>>> print(open('my_file.txt').read())   # compact mmCIF, C-alpha atoms
# COMPACT_ATOMS: atom_id res chain seq x y z
CA MET A 20 -37.87 33.95 -33.08
CA GLN A 21 -38.39 37.21 -31.18
CA GLU A 22 -35.96 36.11 -28.48
CA LYS A 23 -33.33 35.16 -31.07
CA LEU A 24 -33.59 38.50 -32.85
CA PHE A 25 -33.35 40.49 -29.63
CA ALA A 26 -30.33 38.42 -28.60
CA GLU A 27 -28.68 39.31 -31.91
CA PHE A 28 -29.66 42.96 -31.52
CA PHE A 29 -28.23 43.19 -28.02
CA GLY A 30 -25.16 41.10 -28.78
CA THR A 31 -24.29 43.33 -31.73
CA PHE A 32 -25.03 46.41 -29.63
CA TRP A 33 -22.55 45.15 -27.03
CA LEU A 34 -19.91 44.37 -29.68
CA VAL A 35 -20.10 47.83 -31.28
CA PHE A 36 -20.52 49.74 -28.05
CA GLY A 37 -17.68 47.91 -26.33
CA GLY A 38 -15.30 47.55 -29.25
CA CYS A 39 -15.82 50.87 -30.99
CA GLY A 40 -16.35 52.55 -27.63
CA SER A 41 -12.89 51.48 -26.54
CA ALA A 42 -11.49 53.02 -29.74
CA VAL A 43 -13.43 56.29 -29.45
CA LEU A 44 -13.19 56.84 -25.70
CA ALA A 45 -10.08 55.06 -24.45
CA ALA A 46 -7.60 54.27 -27.24
CA ALA A 47 -5.82 57.62 -27.30
CA PHE A 48 -6.65 58.91 -23.83
CA PRO A 49 -3.75 61.11 -22.74
CA GLU A 50 -0.96 59.09 -21.09
CA LEU A 51 -3.30 56.20 -20.21
CA GLY A 52 -4.67 55.24 -23.62
CA ILE A 53 -5.18 51.53 -24.29
CA GLY A 54 -3.86 51.68 -27.88
CA PHE A 55 -4.30 49.06 -30.58
CA ALA A 56 -3.79 46.13 -28.21
CA GLY A 57 -6.47 47.36 -25.83
CA VAL A 58 -8.99 47.93 -28.61
CA SER A 59 -8.24 44.48 -30.02
CA LEU A 60 -8.84 42.88 -26.64
CA ALA A 61 -12.04 44.88 -26.16
CA PHE A 62 -13.52 43.52 -29.40
CA GLY A 63 -12.58 39.99 -28.43
CA LEU A 64 -14.11 40.38 -24.99
CA THR A 65 -17.40 41.66 -26.37
CA VAL A 66 -17.85 38.53 -28.47
CA LEU A 67 -16.66 36.20 -25.70
CA THR A 68 -19.01 37.66 -23.10
CA MET A 69 -22.07 37.81 -25.34
CA ALA A 70 -21.43 34.32 -26.72
CA TYR A 71 -21.71 33.00 -23.17
CA ALA A 72 -24.58 35.34 -22.25
CA VAL A 73 -26.93 34.92 -25.22
CA GLY A 74 -25.23 32.52 -27.61
CA HIS A 75 -27.46 29.71 -26.40
CA ILE A 76 -30.48 31.77 -27.49
CA SER A 77 -29.56 32.92 -31.00
CA GLY A 78 -26.31 31.15 -31.80
CA GLY A 79 -24.29 34.28 -31.01
CA HIS A 80 -23.59 35.56 -34.52
CA PHE A 81 -23.57 39.36 -33.96
CA ASN A 82 -22.25 39.74 -37.50
CA PRO A 83 -23.94 39.42 -40.93
CA ALA A 84 -20.85 37.70 -42.33
CA VAL A 85 -20.97 35.06 -39.61
CA SER A 86 -24.68 34.44 -40.26
CA LEU A 87 -23.98 34.02 -43.98
CA GLY A 88 -21.05 31.71 -43.36
CA LEU A 89 -23.08 29.53 -41.02
CA ALA A 90 -25.84 29.32 -43.63
CA VAL A 91 -23.35 28.28 -46.31
CA SER A 92 -21.96 25.63 -43.97
CA GLY A 93 -25.42 24.22 -43.29
CA ARG A 94 -25.44 25.33 -39.64
CA PHE A 95 -28.06 28.08 -40.02
CA GLY A 96 -31.34 28.39 -41.90
CA TRP A 97 -31.38 30.59 -45.00
CA ASN A 98 -34.90 31.79 -44.14
CA ASP A 99 -33.56 33.44 -40.98
CA LEU A 100 -30.67 35.23 -42.67
CA LEU A 101 -32.34 38.56 -43.49
CA PRO A 102 -34.08 38.91 -40.09
CA TYR A 103 -30.74 38.28 -38.38
CA TRP A 104 -29.03 40.85 -40.60
CA ALA A 105 -31.71 43.41 -39.75
CA ALA A 106 -31.37 42.81 -36.01
CA GLN A 107 -27.58 43.05 -36.20
CA VAL A 108 -27.55 46.29 -38.18
CA LEU A 109 -30.15 47.86 -35.88
CA GLY A 110 -28.07 46.84 -32.86
CA ALA A 111 -25.01 48.45 -34.42
CA PHE A 112 -26.89 51.69 -35.10
CA ALA A 113 -28.27 51.79 -31.56
CA ALA A 114 -24.79 51.28 -30.11
CA SER A 115 -23.23 53.90 -32.37
CA GLY A 116 -25.89 56.45 -31.49
CA THR A 117 -25.48 55.80 -27.77
CA LEU A 118 -21.71 56.07 -28.07
CA PHE A 119 -22.00 59.31 -30.03
CA VAL A 120 -24.17 60.90 -27.31
CA ILE A 121 -21.72 59.85 -24.59
CA ALA A 122 -18.59 60.95 -26.48
CA SER A 123 -20.11 64.32 -27.37
CA GLY A 124 -20.43 65.05 -23.66
CA MET A 125 -16.73 65.99 -23.56
CA ALA A 126 -16.02 69.65 -24.23
CA GLY A 127 -14.45 70.24 -27.63
CA TRP A 128 -14.92 66.66 -28.82
CA SER A 129 -15.47 65.98 -32.52
CA PRO A 130 -16.26 62.57 -34.03
CA GLY A 131 -13.52 62.50 -36.65
CA GLY A 132 -13.37 58.97 -38.04
CA PHE A 133 -15.49 57.64 -35.14
CA ALA A 134 -13.86 54.16 -35.32
CA SER A 135 -15.06 53.74 -38.91
CA ASN A 136 -13.36 51.56 -41.49
CA GLY A 137 -11.75 52.72 -44.70
CA PHE A 138 -9.14 52.41 -47.40
CA GLY A 139 -6.81 54.96 -48.98
CA ASP A 140 -6.97 58.20 -47.03
CA LEU A 141 -9.41 56.61 -44.57
CA SER A 142 -7.12 53.68 -43.75
CA PRO A 143 -5.16 54.28 -40.51
CA GLY A 144 -1.97 53.35 -42.36
CA GLY A 145 -2.97 54.66 -45.78
CA TYR A 146 -3.42 51.19 -47.28
CA SER A 147 -4.90 50.77 -50.76
CA LEU A 148 -8.32 49.45 -51.69
CA GLN A 149 -6.74 46.19 -52.88
CA ALA A 150 -4.84 45.68 -49.62
CA VAL A 151 -7.91 46.36 -47.50
CA LEU A 152 -10.09 44.11 -49.65
CA LEU A 153 -7.63 41.23 -49.39
CA ILE A 154 -7.05 41.44 -45.66
CA GLU A 155 -10.77 41.67 -44.92
CA VAL A 156 -11.51 38.62 -47.11
CA VAL A 157 -8.66 36.55 -45.66
CA LEU A 158 -9.36 37.41 -42.02
CA THR A 159 -13.11 36.88 -42.32
CA ALA A 160 -12.49 33.50 -43.96
CA GLY A 161 -10.15 32.56 -41.13
CA PHE A 162 -12.68 33.77 -38.57
CA LEU A 163 -15.36 31.50 -40.03
CA ILE A 164 -13.02 28.52 -39.98
CA VAL A 165 -12.26 29.16 -36.30
CA ILE A 166 -15.98 29.52 -35.50
CA LEU A 167 -17.00 26.37 -37.35
CA GLY A 168 -14.14 24.38 -35.87
CA ALA A 169 -14.86 25.62 -32.36
CA ILE A 170 -18.56 24.70 -32.51
CA SER A 171 -17.91 21.32 -34.15
CA ALA A 172 -19.22 18.30 -32.24
CA ARG A 173 -15.65 17.02 -31.86
CA ALA A 174 -14.31 20.25 -30.35
CA PRO A 175 -13.97 20.52 -26.55
CA ALA A 176 -17.35 21.44 -25.12
CA GLY A 177 -17.86 24.91 -23.63
CA PHE A 178 -14.72 26.52 -25.01
CA ALA A 179 -16.05 27.89 -28.31
CA PRO A 180 -16.65 31.46 -27.03
CA ILE A 181 -13.07 31.65 -25.78
CA ALA A 182 -11.61 30.51 -29.09
CA ILE A 183 -13.87 32.84 -31.06
CA GLY A 184 -13.19 35.83 -28.82
CA LEU A 185 -9.43 35.30 -28.99
CA ALA A 186 -9.64 34.89 -32.77
CA LEU A 187 -11.34 38.26 -33.06
CA THR A 188 -8.68 39.78 -30.81
CA LEU A 189 -5.97 38.38 -33.09
CA ILE A 190 -7.77 39.66 -36.19
CA HIS A 191 -7.80 43.17 -34.76
CA LEU A 192 -4.14 43.00 -33.72
CA ILE A 193 -3.28 42.22 -37.34
CA SER A 194 -5.53 44.58 -39.25
CA ILE A 195 -6.33 47.74 -37.28
CA PRO A 196 -3.52 49.63 -39.10
CA VAL A 197 -4.80 48.42 -42.46
CA SER A 198 -8.58 48.84 -42.40
CA ASN A 199 -9.36 49.68 -38.77
CA THR A 200 -10.71 46.11 -38.84
CA SER A 201 -14.22 45.32 -39.92
CA VAL A 202 -14.83 41.62 -40.68
CA ASN A 203 -18.36 42.64 -39.68
CA PRO A 204 -20.63 44.67 -42.00
CA ALA A 205 -22.98 45.69 -39.18
CA ARG A 206 -20.13 47.14 -37.11
CA SER A 207 -18.91 49.11 -40.14
CA THR A 208 -22.37 50.41 -41.01
CA GLY A 209 -23.33 51.63 -37.56
CA VAL A 210 -20.36 53.92 -37.00
CA ALA A 211 -19.90 55.12 -40.60
CA PHE A 212 -22.94 57.38 -40.44
CA TYR A 213 -21.55 59.24 -37.42
CA ALA A 214 -18.05 59.80 -38.82
CA GLU A 215 -16.97 63.16 -40.22
CA THR A 216 -15.24 61.40 -43.10
CA ALA A 217 -16.38 59.78 -46.34
CA ALA A 218 -16.76 56.42 -44.60
CA VAL A 219 -20.31 55.90 -45.89
CA GLY A 220 -19.06 56.03 -49.46
CA GLN A 221 -16.64 53.17 -48.72
CA LEU A 222 -19.16 50.96 -46.91
CA TRP A 223 -19.67 48.78 -49.98
CA LEU A 224 -16.22 47.23 -49.45
CA PHE A 225 -16.93 46.44 -45.82
CA TRP A 226 -20.03 44.52 -46.84
CA ALA A 227 -18.55 42.86 -49.91
CA ALA A 228 -15.21 41.72 -48.45
CA PRO A 229 -16.49 40.14 -45.21
CA LEU A 230 -19.38 38.41 -47.00
CA ILE A 231 -17.02 37.01 -49.65
CA GLY A 232 -14.59 35.92 -46.95
CA ALA A 233 -17.36 34.26 -44.97
CA VAL A 234 -18.44 32.21 -47.98
CA ILE A 235 -14.85 31.17 -48.67
CA GLY A 236 -14.20 30.21 -45.05
CA ALA A 237 -17.43 28.26 -44.76
CA ALA A 238 -16.73 26.43 -48.02
CA ILE A 239 -13.19 25.53 -46.90
CA TRP A 240 -14.53 24.13 -43.66
CA ARG A 241 -17.45 22.28 -45.19
CA TYR A 242 -15.63 20.67 -48.10
CA LEU A 243 -12.01 20.39 -46.94
CA LEU A 244 -11.81 20.38 -43.16
CA GLU A 245 -15.04 19.19 -41.56
CA PRO A 246 -14.62 15.66 -40.17
CA LYS A 247 -17.09 13.39 -41.92
CA GLY A 248 -19.87 12.28 -39.62
CA ALA A 249 -18.81 14.79 -37.00
CA GLU A 250 -22.12 16.62 -36.78
>>> encode(input="my_file.txt", output="structure tokens")
Amino acid sequence: MQEKLFAEFFGTFWLVFGGCGSAVLAAAFPELGIGFAGVSLAFGLTVLTMAYAVGHISGGHFNPAVSLGLAVSGRFGWNDLLPYWAAQVLGAFAASGTLFVIASGMAGWSPGGFASNGFGDLSPGGYSLQAVLLIEVVLTAGFLIVILGAISARAPAGFAPIAIGLALTLIHLISIPVSNTSVNPARSTGVAFYAETAAVGQLWLFWAAPLIGAVIGAAIWRYLLEPKGAE
């Protein structure tokens, strides 16, 4: 179990450090910034690389919503859910702290939103609570369906990390302007405490919406899509 938890810790560290790091350090870099598309790709690449690197150890969740969805689908033990959540949140905090120290090494830098998620005034596009809630639920549900389909016994072997990484890239391309894209409570939690905004006060939504979406996506797969006798 120790190896699984460290794999989840490091995988989540890599996701937050790489994904949020691209947003904090590179997205708006003068004249050469990578923009929304670059940040979206960075998040997808973090999941793809860690799924191949340590997915065979822990399952490669790196996300409390994914762990919950896999438990609902019968692909993950309920007894391991809270330890996985703890490892993921700790990994996110470690990555956020490391990123904060690096970013603060630039003269005159201030954290601002620090890649945190939000609605209303904290949404990049000023989207409402209802809009952010809906997009986070829908996209997390879709993410779980992609994950469960990609790891199904009837899916092409060895390609699951590619499908999952590209799905996360697509999710970010859609929703960065709306919520700054969470679909991952650990990612939201880690950076919120370093932001100069009221992001911590809005964290409840970025736990509730992805967890609800994960349950919906897992239920859709398990009861409507999963080929009978496939597993």
>>> closest_atom_pairs(input="my_file.txt", of="region 42-96 of chain A", to="region 220-241 of chain A", cutoff="6 Å", atoms="only C-alpha atoms", output="Markdown table")
| residue | atom | partner | partner_atom | distance |
| --- | --- | --- | --- | --- |
| A:Ala84 | CA | A:Leu230 | CA | 4.9 |
| A:Gly88 | CA | A:Ala233 | CA | 4.8 |
| A:Ser92 | CA | A:Ala237 | CA | 5.3 |
>>> write_last_selection(input="my_file.txt", atoms="C-alpha atoms", output="JSON list (two decimals), in the coordinates of the input")
[["chain", "number", "residue", "atom", "x", "y", "z"],
["A", 84, "ALA", "CA", -20.85, 37.70, -42.33],
["A", 88, "GLY", "CA", -21.05, 31.71, -43.36],
["A", 92, "SER", "CA", -21.96, 25.63, -43.97]]
>>> axis_aligned_box(input="my_file.txt", around="region 26-30 of chain A", padding_each_side="6 Å", output="AutoDock Vina command-line options")
--center_x -27.7 --center_y 40.8 --center_z -30.0 --size_x 17.2 --size_y 16.8 --size_z 15.9
>>> residues_around(input="my_file.txt", residues="Ala150 (chain A)", least_positions_apart="6", cutoff="10 Å", atoms="only C-alpha atoms", output="ChimeraX atom specification")
/A:138-139,197-198
>>> atom_distance(input="my_file.txt", atom1="CA of Phe112 (chain A)", atom2="CA of Val202 (chain A)")
16.7 Å
>>> closest_residue(input="my_file.txt", among="A:Ala113, A:Leu64, A:Leu24, A:Ala122", to="Ile76 (chain A)", atoms="only C-alpha atoms")
A:Leu24
>>> residues_around(input="my_file.txt", residues="region 176-182 of chain A", least_positions_apart="6", cutoff="12 Å", atoms="only C-alpha atoms", output="PDB file with C-alpha atoms, keeping the file's coordinate frame")
ATOM      1  CA  GLY A  63     -12.580  39.990 -28.430  1.00  0.00           C
ATOM      2  CA  LEU A  64     -14.110  40.380 -24.990  1.00  0.00           C
ATOM      3  CA  THR A  65     -17.400  41.660 -26.370  1.00  0.00           C
ATOM      4  CA  VAL A  66     -17.850  38.530 -28.470  1.00  0.00           C
ATOM      5  CA  LEU A  67     -16.660  36.200 -25.700  1.00  0.00           C
ATOM      6  CA  THR A  68     -19.010  37.660 -23.100  1.00  0.00           C
ATOM      7  CA  MET A  69     -22.070  37.810 -25.340  1.00  0.00           C
ATOM      8  CA  ALA A  70     -21.430  34.320 -26.720  1.00  0.00           C
ATOM      9  CA  TYR A  71     -21.710  33.000 -23.170  1.00  0.00           C
ATOM     10  CA  ALA A  72     -24.580  35.340 -22.250  1.00  0.00           C
ATOM     11  CA  VAL A  73     -26.930  34.920 -25.220  1.00  0.00           C
ATOM     12  CA  GLY A  74     -25.230  32.520 -27.610  1.00  0.00           C
ATOM     13  CA  HIS A  75     -27.460  29.710 -26.400  1.00  0.00           C
ATOM     14  CA  GLY A  78     -26.310  31.150 -31.800  1.00  0.00           C
ATOM     15  CA  GLY A  79     -24.290  34.280 -31.010  1.00  0.00           C
ATOM     16  CA  HIS A  80     -23.590  35.560 -34.520  1.00  0.00           C
ATOM     17  CA  PHE A 162     -12.680  33.770 -38.570  1.00  0.00           C
ATOM     18  CA  LEU A 163     -15.360  31.500 -40.030  1.00  0.00           C
ATOM     19  CA  ILE A 164     -13.020  28.520 -39.980  1.00  0.00           C
ATOM     20  CA  VAL A 165     -12.260  29.160 -36.300  1.00  0.00           C
ATOM     21  CA  ILE A 166     -15.980  29.520 -35.500  1.00  0.00           C
ATOM     22  CA  LEU A 167     -17.000  26.370 -37.350  1.00  0.00           C
ATOM     23  CA  GLY A 168     -14.140  24.380 -35.870  1.00  0.00           C
ATOM     24  CA  ALA A 169     -14.860  25.620 -32.360  1.00  0.00           C
ATOM     25  CA  ILE A 170     -18.560  24.700 -32.510  1.00  0.00           C
ATOM     26  CA  THR A 188      -8.680  39.780 -30.810  1.00  0.00           C
ATOM     27  CA  LEU A 189      -5.970  38.380 -33.090  1.00  0.00           C
TER      28      LEU A 189
END
>>> closest_residue(input="my_file.txt", among="A:Ser135, A:Leu141, A:Ile195, A:Val108", to="Leu158 (chain A)", atoms="all atoms listed in the file")
A:Ile195
>>> closest_atom_pairs(input="my_file.txt", of="region 57-91 of chain A", to="region 38-43 of chain A", cutoff="8 Å", atoms="all atoms listed in the file", output="JSON lines")
{"residue": "A:Gly57", "atom": "CA", "partner": "A:Ser41", "partner_atom": "CA", "distance": 7.7}
{"residue": "A:Val58", "atom": "CA", "partner": "A:Ser41", "partner_atom": "CA", "distance": 5.7}
{"residue": "A:Ser59", "atom": "CA", "partner": "A:Gly38", "partner_atom": "CA", "distance": 7.7}
{"residue": "A:Ala61", "atom": "CA", "partner": "A:Gly38", "partner_atom": "CA", "distance": 5.2}
{"residue": "A:Phe62", "atom": "CA", "partner": "A:Gly38", "partner_atom": "CA", "distance": 4.4}
{"residue": "A:Thr65", "atom": "CA", "partner": "A:Gly38", "partner_atom": "CA", "distance": 6.9}
>>> write_last_selection(input="my_file.txt", atoms="C-alpha atoms", output="PDB file, keeping the file's coordinate frame")
ATOM      1  CA  GLY A  57      -6.470  47.360 -25.830  1.00  0.00           C
ATOM      2  CA  VAL A  58      -8.990  47.930 -28.610  1.00  0.00           C
ATOM      3  CA  SER A  59      -8.240  44.480 -30.020  1.00  0.00           C
ATOM      4  CA  ALA A  61     -12.040  44.880 -26.160  1.00  0.00           C
ATOM      5  CA  PHE A  62     -13.520  43.520 -29.400  1.00  0.00           C
ATOM      6  CA  THR A  65     -17.400  41.660 -26.370  1.00  0.00           C
TER       7      THR A  65
END
>>> closest_residue(input="my_file.txt", among="A:Leu187, A:Leu101, A:Ala172, A:Ala205", to="Phe32 (chain A)", atoms="only C-alpha atoms")
A:Ala205
>>> atom_distance(input="my_file.txt", atom1="CA of Ala106 (chain A)", atom2="CA of Pro83 (chain A)")
9.5 Å
>>> residues_near_point(input="my_file.txt", point="(-23.2, 51.7, -39.4)", cutoff="10 Å", atoms="all atoms listed in the file", output="short mmCIF file (atom, residue, chain, number, x, y, z; two decimals) with C-alpha atoms, in the coordinates of the input")
data_model
loop_
_atom_site.label_atom_id
_atom_site.label_comp_id
_atom_site.auth_asym_id
_atom_site.auth_seq_id
_atom_site.Cartn_x
_atom_site.Cartn_y
_atom_site.Cartn_z
CA VAL A 35 -20.10 47.83 -31.28
CA VAL A 108 -27.55 46.29 -38.18
CA LEU A 109 -30.15 47.86 -35.88
CA GLY A 110 -28.07 46.84 -32.86
CA ALA A 111 -25.01 48.45 -34.42
CA PHE A 112 -26.89 51.69 -35.10
CA ALA A 113 -28.27 51.79 -31.56
CA ALA A 114 -24.79 51.28 -30.11
CA SER A 115 -23.23 53.90 -32.37
CA GLY A 116 -25.89 56.45 -31.49
CA SER A 135 -15.06 53.74 -38.91
CA PRO A 204 -20.63 44.67 -42.00
CA ALA A 205 -22.98 45.69 -39.18
CA ARG A 206 -20.13 47.14 -37.11
CA SER A 207 -18.91 49.11 -40.14
CA THR A 208 -22.37 50.41 -41.01
CA GLY A 209 -23.33 51.63 -37.56
CA VAL A 210 -20.36 53.92 -37.00
CA ALA A 211 -19.90 55.12 -40.60
CA PHE A 212 -22.94 57.38 -40.44
CA TYR A 213 -21.55 59.24 -37.42
CA ALA A 214 -18.05 59.80 -38.82
CA ALA A 218 -16.76 56.42 -44.60
CA VAL A 219 -20.31 55.90 -45.89
CA LEU A 222 -19.16 50.96 -46.91
#
>>> closest_residue(input="my_file.txt", among="A:Phe48, A:Ile154, A:Ser201, A:Ile53", to="Leu34 (chain A)", atoms="only C-alpha atoms")
A:Ser201
>>> closest_residue(input="my_file.txt", among="A:Glu50, A:Tyr103, A:Gly132, A:Gly145", to="Ala90 (chain A)", atoms="all atoms listed in the file")
A:Tyr103
>>> closest_residue(input="my_file.txt", among="A:Phe55, A:Ser77, A:Thr216, A:Ser171", to="Asn199 (chain A)", atoms="only C-alpha atoms")
A:Phe55
>>> atom_distance(input="my_file.txt", atom1="CA of Pro196 (chain A)", atom2="CA of Ala46 (chain A)")
13.4 Å
>>> residues_around(input="my_file.txt", residues="Glu215 (chain A)", least_positions_apart="4", cutoff="8 Å", atoms="all atoms listed in the file", output="ChimeraX atom specification")
/A:130-133
